[in-house]
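To keep things clear, I will list the structure first and then write my remarks on it.
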Amino acid sequence: MSEDRPRRSGSNTTADRALQILGLFADDRLTITVADLQRELGMGRSSAYRYLQSLVREQFLESASDGSLRLGMRVLDLARLARQSYGVSDLALPLMKDLADDHRQTVLLTALIGGSVVCLERQEWYGQFVRLSYEPGVEMPVNAGASALALLAWRSEDELRSLLARPLQRLTPATLIDVDDLLGRLARIRELGYAVSEGEVDRDVLGIGVPIFDAGGEAVAALSIVALASRLDEAQRRRALDDLRGAAERVTARLRRAGV
């Protein structure tokens with residue numbers, strides 16, 4: 001039971017303490033009190049109140065009906081995002097491998113995390129002789145490339161203007177940095193249902209990207225093939241788009257069945 005937990009020790013930075021407090025929650029403890037922090041974390045009463053008030057203010061905790069505190073909406077939001085990212089990766093990876101082998105190119109899975117487009121997964125054809133530098137966990141340009149644009153095209157204009165308010169880098173002569181031009185581009189992508197970019201991030205690289213939707217109809221990830229433009233003729237590009245669409249639809253259908 002939770003009362004049998006040993007008192008915790010370690011660093012006393014604000015971040016450490018906040019994480020220790022959140023770590024008190026478990027299946028057998030859905031709420032906490034000031035007394036719990038005093039007993040298990042060795043905190044003084046005034047310090048315990050101060051930390052709890054800060055967590056409530058940031059919506060990581062909220063008041064329960066009996067006066068104790070339970071996990072707040074920010075934690076629920078983070079849990080939802082974690083389920084989406086892990087679920088998408090688990091579902092997409094086998095399909096990404098098939099796409100990489102069938103088309104002999106690099107396949108990427110991207111998501112919008114904290115206002116940044118991030119590469120979640122990368123799958124390469126085992127015999128690929130040109131390695132493209134897109135590593136999992138790396139932040140990607142928000143204003144260029146099919147991997148990003150296929151993800152952003154389904155966001156509202158207000159959200160897009162907020163995301164694009166940062167200084168935008170012109171990576172190549174083909175890179176768009178004007179926000180209105182980008183909004184027009186994203187509107188056309190949304191009408192088509194897919195994004196194609198050529199020479200926007202790297203001069204010689206072509207990207208084809210399609211969105212993956214969750215149960216609520218939100219574009220939670222994008223699946224894309226990136227390749228040297230010279231390696232994909234028009235027929236290969238059409239086939240890549242068809243296969244990407246099929247894979248994205250399969251992941252979307254599974255996410256919707258799971259209610260994610």
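Each chain in the structure tokens gets a letter, A, B, ..., in the order shown, and its residues are numbered from 1; ligands are numbered from 1 in order too.
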Within 10 Å of range 204-214 of chain A, which residues of range 152-186 of chain A come that close, and what is the closest atom pair and distance in Å for each? Count only C-alpha atoms and give it as JSON lines.
```
{"residue": "A:Leu152", "atom": "CA", "partner": "A:Pro211", "partner_atom": "CA", "distance": 8.8}
{"residue": "A:Ala153", "atom": "CA", "partner": "A:Pro211", "partner_atom": "CA", "distance": 8.8}
{"residue": "A:Trp154", "atom": "CA", "partner": "A:Pro211", "partner_atom": "CA", "distance": 8.5}
```
For Leu52 in chain A, list every protein, DNA or RNA residue within 12 Å, evaluated using only C-alpha atoms, and leave out those in the same chain fewer than 6 positions away; present the list as a list in words.
-> Thr14, Arg17, Ala18, Leu19, Gln20, Ile21, Leu22, Ile32, Thr33, Val34, Ala35, Asp36, Leu37, Gln38, Met43, Arg45, Ser46, Glu58, Gln59, Phe60, Leu61, Glu62, Ser63, Ser68, Leu69, Arg70, Leu71 and Gly72 of chain A
Find the residue from A:Ile113, A:Ala100, A:Val142, A:Leu78 that sits nearest to Ala165 in chain A; use only C-alpha atoms when measuring.
-> A:Val142
Students should find that CA of Glu200 in chain A and CA of Thr252 in chain A are spaced 27.5 Å
Shell around Leu168 in chain A at 10 Å using only C-alpha atoms, local window under 4 positions removed, as an NGL selection string = :A and (141-144 or 164 or 175-179)
Could you give me the residues within range 56-245 of chain A that DSSP places in helix (DSSP H, G or I), as a compact mmCIF listing (two decimals) with N, CA and C atoms, in the first residue's frame?
```txt
# COMPACT_ATOMS: atom_id res chain seq x y z
N VAL A 56 -0.76 23.40 -8.83
CA VAL A 56 -2.17 23.70 -9.10
C VAL A 56 -2.27 24.85 -10.09
N ARG A 57 -1.46 25.87 -9.87
CA ARG A 57 -1.49 27.05 -10.75
C ARG A 57 -1.17 26.66 -12.19
N MET A 73 -5.51 18.71 -15.48
CA MET A 73 -5.73 18.57 -16.91
C MET A 73 -4.43 18.58 -17.70
N ARG A 74 -3.40 19.28 -17.23
CA ARG A 74 -2.14 19.28 -17.97
C ARG A 74 -1.55 17.87 -18.05
N VAL A 75 -1.69 17.11 -16.97
CA VAL A 75 -1.19 15.73 -16.97
C VAL A 75 -2.00 14.88 -17.93
N LEU A 76 -3.31 15.10 -17.96
CA LEU A 76 -4.16 14.34 -18.89
C LEU A 76 -3.79 14.67 -20.33
N ASP A 77 -3.51 15.94 -20.60
CA ASP A 77 -3.10 16.33 -21.96
C ASP A 77 -1.78 15.66 -22.35
N LEU A 78 -0.82 15.66 -21.42
CA LEU A 78 0.47 15.03 -21.71
C LEU A 78 0.30 13.52 -21.92
N ALA A 79 -0.55 12.90 -21.12
CA ALA A 79 -0.79 11.47 -21.29
C ALA A 79 -1.41 11.17 -22.65
N ARG A 80 -2.33 12.04 -23.08
CA ARG A 80 -2.96 11.86 -24.39
C ARG A 80 -1.91 11.96 -25.50
N LEU A 81 -1.02 12.97 -25.39
CA LEU A 81 0.02 13.12 -26.40
C LEU A 81 0.98 11.93 -26.41
N ALA A 82 1.30 11.42 -25.22
CA ALA A 82 2.19 10.26 -25.14
C ALA A 82 1.55 9.05 -25.81
N ARG A 83 0.26 8.83 -25.55
CA ARG A 83 -0.44 7.70 -26.17
C ARG A 83 -0.44 7.83 -27.68
N GLN A 84 -0.66 9.05 -28.15
CA GLN A 84 -0.70 9.26 -29.60
C GLN A 84 0.66 8.96 -30.23
N SER A 85 1.73 9.52 -29.64
CA SER A 85 3.04 9.35 -30.28
C SER A 85 3.49 7.91 -30.24
N TYR A 86 3.32 7.22 -29.09
CA TYR A 86 3.73 5.83 -29.03
C TYR A 86 2.84 4.96 -29.91
N GLY A 87 1.54 5.23 -29.90
CA GLY A 87 0.63 4.43 -30.70
C GLY A 87 0.92 4.57 -32.18
N VAL A 88 1.16 5.81 -32.62
CA VAL A 88 1.45 6.05 -34.03
C VAL A 88 2.74 5.34 -34.43
N SER A 89 3.77 5.47 -33.60
CA SER A 89 5.05 4.83 -33.93
C SER A 89 4.91 3.32 -34.03
N ASP A 90 4.25 2.73 -33.04
CA ASP A 90 4.10 1.27 -33.03
C ASP A 90 3.35 0.78 -34.26
N LEU A 91 2.32 1.53 -34.64
CA LEU A 91 1.51 1.12 -35.78
C LEU A 91 2.20 1.40 -37.11
N ALA A 92 2.97 2.48 -37.15
CA ALA A 92 3.54 2.90 -38.43
C ALA A 92 4.82 2.16 -38.80
N LEU A 93 5.62 1.76 -37.82
CA LEU A 93 6.94 1.22 -38.12
C LEU A 93 6.93 0.02 -39.08
N PRO A 94 6.06 -0.98 -38.88
CA PRO A 94 6.06 -2.09 -39.84
C PRO A 94 5.72 -1.64 -41.26
N LEU A 95 4.80 -0.70 -41.38
CA LEU A 95 4.44 -0.18 -42.70
C LEU A 95 5.57 0.65 -43.29
N MET A 96 6.28 1.38 -42.43
CA MET A 96 7.42 2.17 -42.90
C MET A 96 8.50 1.26 -43.47
N LYS A 97 8.73 0.13 -42.82
CA LYS A 97 9.73 -0.81 -43.32
C LYS A 97 9.36 -1.33 -44.71
N ASP A 98 8.07 -1.68 -44.87
CA ASP A 98 7.61 -2.14 -46.17
C ASP A 98 7.79 -1.06 -47.24
N LEU A 99 7.43 0.18 -46.88
CA LEU A 99 7.57 1.28 -47.83
C LEU A 99 9.04 1.50 -48.21
N ALA A 100 9.92 1.47 -47.21
CA ALA A 100 11.35 1.67 -47.48
C ALA A 100 11.89 0.59 -48.39
N ASP A 101 11.50 -0.66 -48.14
CA ASP A 101 11.99 -1.77 -48.96
C ASP A 101 11.39 -1.74 -50.37
N ASP A 102 10.09 -1.44 -50.45
CA ASP A 102 9.43 -1.43 -51.76
C ASP A 102 9.96 -0.32 -52.65
N HIS A 103 10.21 0.86 -52.06
CA HIS A 103 10.60 2.02 -52.86
C HIS A 103 12.10 2.30 -52.79
N ALA A 146 7.97 18.25 -47.26
CA ALA A 146 6.70 17.53 -47.20
C ALA A 146 6.45 16.93 -45.82
N SER A 147 7.50 16.55 -45.12
CA SER A 147 7.34 15.93 -43.81
C SER A 147 6.70 16.89 -42.81
N ALA A 148 6.98 18.18 -42.94
CA ALA A 148 6.38 19.18 -42.06
C ALA A 148 5.06 19.70 -42.61
N LEU A 149 5.03 20.01 -43.90
CA LEU A 149 3.84 20.66 -44.47
C LEU A 149 2.63 19.74 -44.48
N ALA A 150 2.85 18.42 -44.67
CA ALA A 150 1.73 17.48 -44.62
C ALA A 150 1.15 17.38 -43.23
N LEU A 151 1.93 17.73 -42.24
CA LEU A 151 1.47 17.70 -40.85
C LEU A 151 0.73 18.98 -40.48
N LEU A 152 1.20 20.12 -40.99
CA LEU A 152 0.66 21.41 -40.58
C LEU A 152 -0.59 21.82 -41.35
N GLU A 157 -5.90 28.42 -39.03
CA GLU A 157 -5.07 29.55 -39.45
C GLU A 157 -4.45 30.24 -38.23
N ASP A 158 -5.22 30.37 -37.15
CA ASP A 158 -4.68 31.02 -35.95
C ASP A 158 -3.49 30.23 -35.40
N GLU A 159 -3.64 28.91 -35.34
CA GLU A 159 -2.54 28.08 -34.84
C GLU A 159 -1.33 28.16 -35.76
N LEU A 160 -1.59 28.16 -37.07
CA LEU A 160 -0.49 28.23 -38.03
C LEU A 160 0.26 29.56 -37.92
N ARG A 161 -0.48 30.65 -37.77
CA ARG A 161 0.18 31.95 -37.64
C ARG A 161 1.04 31.99 -36.38
N SER A 162 0.56 31.36 -35.32
CA SER A 162 1.36 31.29 -34.10
C SER A 162 2.62 30.45 -34.31
N LEU A 163 2.46 29.30 -34.97
CA LEU A 163 3.61 28.42 -35.21
C LEU A 163 4.64 29.06 -36.14
N VAL A 179 4.83 34.29 -44.44
CA VAL A 179 3.75 33.55 -43.77
C VAL A 179 2.52 33.42 -44.66
N ASP A 180 2.12 34.50 -45.34
CA ASP A 180 0.93 34.42 -46.20
C ASP A 180 1.15 33.45 -47.36
N ASP A 181 2.36 33.45 -47.92
CA ASP A 181 2.66 32.48 -48.98
C ASP A 181 2.57 31.05 -48.44
N LEU A 182 3.06 30.85 -47.23
CA LEU A 182 3.00 29.52 -46.62
C LEU A 182 1.56 29.10 -46.34
N LEU A 183 0.74 30.03 -45.87
CA LEU A 183 -0.66 29.70 -45.61
C LEU A 183 -1.37 29.30 -46.89
N GLY A 184 -1.07 30.00 -47.99
CA GLY A 184 -1.65 29.62 -49.28
C GLY A 184 -1.18 28.25 -49.71
N ARG A 185 0.09 27.97 -49.51
CA ARG A 185 0.64 26.65 -49.85
C ARG A 185 -0.04 25.55 -49.04
N LEU A 186 -0.21 25.79 -47.75
CA LEU A 186 -0.82 24.78 -46.87
C LEU A 186 -2.30 24.56 -47.24
N ALA A 187 -2.98 25.63 -47.66
CA ALA A 187 -4.38 25.47 -48.08
C ALA A 187 -4.47 24.57 -49.31
N ARG A 188 -3.53 24.73 -50.24
CA ARG A 188 -3.54 23.88 -51.44
C ARG A 188 -3.21 22.42 -51.08
N ILE A 189 -2.30 22.24 -50.15
CA ILE A 189 -1.97 20.88 -49.69
C ILE A 189 -3.20 20.23 -49.07
N ARG A 190 -3.92 20.99 -48.28
CA ARG A 190 -5.13 20.45 -47.64
C ARG A 190 -6.16 20.04 -48.68
N GLU A 191 -6.30 20.82 -49.73
CA GLU A 191 -7.25 20.47 -50.80
C GLU A 191 -6.82 19.18 -51.50
N LEU A 192 -5.52 19.04 -51.75
CA LEU A 192 -5.01 17.86 -52.45
C LEU A 192 -5.01 16.62 -51.56
N ALA A 229 15.87 13.61 -55.73
CA ALA A 229 14.87 13.84 -56.77
C ALA A 229 15.21 13.09 -58.05
N SER A 230 16.47 12.96 -58.34
CA SER A 230 16.88 12.28 -59.57
C SER A 230 16.59 10.79 -59.55
N ARG A 231 16.31 10.25 -58.36
CA ARG A 231 16.08 8.81 -58.23
C ARG A 231 14.61 8.42 -58.38
N GLU A 234 8.48 10.27 -62.64
CA GLU A 234 7.08 10.63 -62.40
C GLU A 234 6.24 9.42 -62.01
N ALA A 235 6.44 8.30 -62.67
CA ALA A 235 5.67 7.10 -62.34
C ALA A 235 6.00 6.61 -60.93
N GLN A 236 7.26 6.67 -60.55
CA GLN A 236 7.66 6.25 -59.20
C GLN A 236 7.08 7.18 -58.14
N ARG A 237 6.99 8.44 -58.47
CA ARG A 237 6.42 9.40 -57.52
C ARG A 237 4.94 9.12 -57.30
N ARG A 238 4.22 8.83 -58.37
CA ARG A 238 2.79 8.52 -58.24
C ARG A 238 2.58 7.25 -57.43
N ARG A 239 3.42 6.25 -57.66
CA ARG A 239 3.29 5.00 -56.91
C ARG A 239 3.65 5.23 -55.44
N ALA A 240 4.67 6.04 -55.18
CA ALA A 240 5.03 6.34 -53.79
C ALA A 240 3.89 7.04 -53.07
N LEU A 241 3.23 7.99 -53.75
CA LEU A 241 2.11 8.69 -53.14
C LEU A 241 0.97 7.73 -52.84
N ASP A 242 0.63 6.86 -53.78
CA ASP A 242 -0.44 5.89 -53.56
C ASP A 242 -0.14 4.98 -52.37
N ASP A 243 1.11 4.52 -52.28
CA ASP A 243 1.46 3.61 -51.19
C ASP A 243 1.50 4.34 -49.85
N LEU A 244 1.97 5.58 -49.85
CA LEU A 244 1.95 6.38 -48.62
C LEU A 244 0.52 6.60 -48.14
N ARG A 245 -0.36 6.94 -49.06
CA ARG A 245 -1.76 7.14 -48.69
C ARG A 245 -2.36 5.87 -48.09
```
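CA of Thr13 in chain A is found 11.3 Å from CA of Tyr51 in chain A.
Inside range 42-169 of chain A, the residues DSSP reads as strand (DSSP E or B) when given the backbone are Leu61, Glu62, Ser63, Leu69, Arg70, Leu71, Thr106, Val107, Leu108, Leu109, Thr110, Ala111, Leu112, Ile113, Ser116, Val117, Val118, Cys119, Leu120, Glu121, Arg122, Gln123, Glu139 and Met140 of chain A.
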Export of the given selection (N, CA and C atoms) as an mmCIF file, in the first residue's frame:
```cif
data_model
loop_
_atom_site.group_PDB
_atom_site.id
_atom_site.type_symbol
_atom_site.label_atom_id
_atom_site.label_comp_id
_atom_site.auth_asym_id
_atom_site.auth_seq_id
_atom_site.Cartn_x
_atom_site.Cartn_y
_atom_site.Cartn_z
ATOM 1 N N LEU A 61 -1.972 19.789 -11.023
ATOM 2 C CA LEU A 61 -2.816 19.265 -9.960
ATOM 3 C C LEU A 61 -4.088 20.093 -9.878
ATOM 4 N N GLU A 62 -5.133 19.497 -9.286
ATOM 5 C CA GLU A 62 -6.367 20.231 -9.038
ATOM 6 C C GLU A 62 -7.015 19.685 -7.780
ATOM 7 N N SER A 63 -7.916 20.471 -7.191
ATOM 8 C CA SER A 63 -8.554 20.079 -5.940
ATOM 9 C C SER A 63 -9.582 18.985 -6.160
ATOM 10 N N LEU A 69 -5.648 16.638 -3.290
ATOM 11 C CA LEU A 69 -5.320 17.051 -4.652
ATOM 12 C C LEU A 69 -5.185 15.842 -5.563
ATOM 13 N N ARG A 70 -5.676 15.979 -6.776
ATOM 14 C CA ARG A 70 -5.569 14.921 -7.783
ATOM 15 C C ARG A 70 -4.841 15.471 -8.994
ATOM 16 N N LEU A 71 -4.499 14.585 -9.929
ATOM 17 C CA LEU A 71 -3.821 15.016 -11.151
ATOM 18 C C LEU A 71 -4.730 15.929 -11.970
ATOM 19 N N THR A 106 14.150 6.412 -48.081
ATOM 20 C CA THR A 106 13.981 6.697 -46.659
ATOM 21 C C THR A 106 12.535 7.089 -46.386
ATOM 22 N N VAL A 107 11.982 6.554 -45.304
ATOM 23 C CA VAL A 107 10.606 6.858 -44.890
ATOM 24 C C VAL A 107 10.654 7.488 -43.496
ATOM 25 N N LEU A 108 9.933 8.589 -43.323
ATOM 26 C CA LEU A 108 9.930 9.317 -42.054
ATOM 27 C C LEU A 108 8.539 9.374 -41.452
ATOM 28 N N LEU A 109 8.500 9.403 -40.120
ATOM 29 C CA LEU A 109 7.280 9.676 -39.372
ATOM 30 C C LEU A 109 7.550 10.925 -38.548
ATOM 31 N N THR A 110 6.733 11.958 -38.726
ATOM 32 C CA THR A 110 6.930 13.214 -38.014
ATOM 33 C C THR A 110 5.688 13.567 -37.208
ATOM 34 N N ALA A 111 5.886 14.398 -36.174
ATOM 35 C CA ALA A 111 4.775 14.869 -35.351
ATOM 36 C C ALA A 111 5.086 16.278 -34.872
ATOM 37 N N LEU A 112 4.037 16.992 -34.497
ATOM 38 C CA LEU A 112 4.185 18.340 -33.952
ATOM 39 C C LEU A 112 4.247 18.219 -32.431
ATOM 40 N N ILE A 113 5.378 18.579 -31.850
ATOM 41 C CA ILE A 113 5.582 18.457 -30.405
ATOM 42 C C ILE A 113 6.078 19.790 -29.880
ATOM 43 N N SER A 116 7.079 22.402 -32.413
ATOM 44 C CA SER A 116 8.147 22.049 -33.344
ATOM 45 C C SER A 116 7.788 20.773 -34.096
ATOM 46 N N VAL A 117 8.212 20.688 -35.347
ATOM 47 C CA VAL A 117 8.060 19.459 -36.116
ATOM 48 C C VAL A 117 9.264 18.573 -35.804
ATOM 49 N N VAL A 118 8.981 17.378 -35.299
ATOM 50 C CA VAL A 118 10.039 16.478 -34.837
ATOM 51 C C VAL A 118 9.962 15.160 -35.595
ATOM 52 N N CYS A 119 11.099 14.634 -35.974
ATOM 53 C CA CYS A 119 11.166 13.307 -36.587
ATOM 54 C C CYS A 119 11.018 12.262 -35.492
ATOM 55 N N LEU A 120 9.923 11.500 -35.537
ATOM 56 C CA LEU A 120 9.694 10.440 -34.551
ATOM 57 C C LEU A 120 10.434 9.161 -34.911
ATOM 58 N N GLU A 121 10.341 8.779 -36.167
ATOM 59 C CA GLU A 121 10.937 7.522 -36.616
ATOM 60 C C GLU A 121 11.501 7.690 -38.025
ATOM 61 N N ARG A 122 12.530 6.904 -38.313
ATOM 62 C CA ARG A 122 13.094 6.857 -39.662
ATOM 63 C C ARG A 122 13.340 5.409 -40.034
ATOM 64 N N GLN A 123 12.973 5.047 -41.259
ATOM 65 C CA GLN A 123 13.216 3.699 -41.743
ATOM 66 C C GLN A 123 13.904 3.802 -43.100
ATOM 67 N N GLU A 139 14.657 18.071 -34.514
ATOM 68 C CA GLU A 139 13.666 19.062 -34.931
ATOM 69 C C GLU A 139 13.876 19.396 -36.404
ATOM 70 N N MET A 140 12.778 19.478 -37.141
ATOM 71 C CA MET A 140 12.842 19.746 -38.571
ATOM 72 C C MET A 140 12.284 21.134 -38.873
#
```
Find the residues near Ala174 in chain A: any atom within 10 Å, counting only C-alpha atoms, skip ones fewer than 5 places away on the same chain, and give them as a ChimeraX atom specification.
-> /A:144,197-203
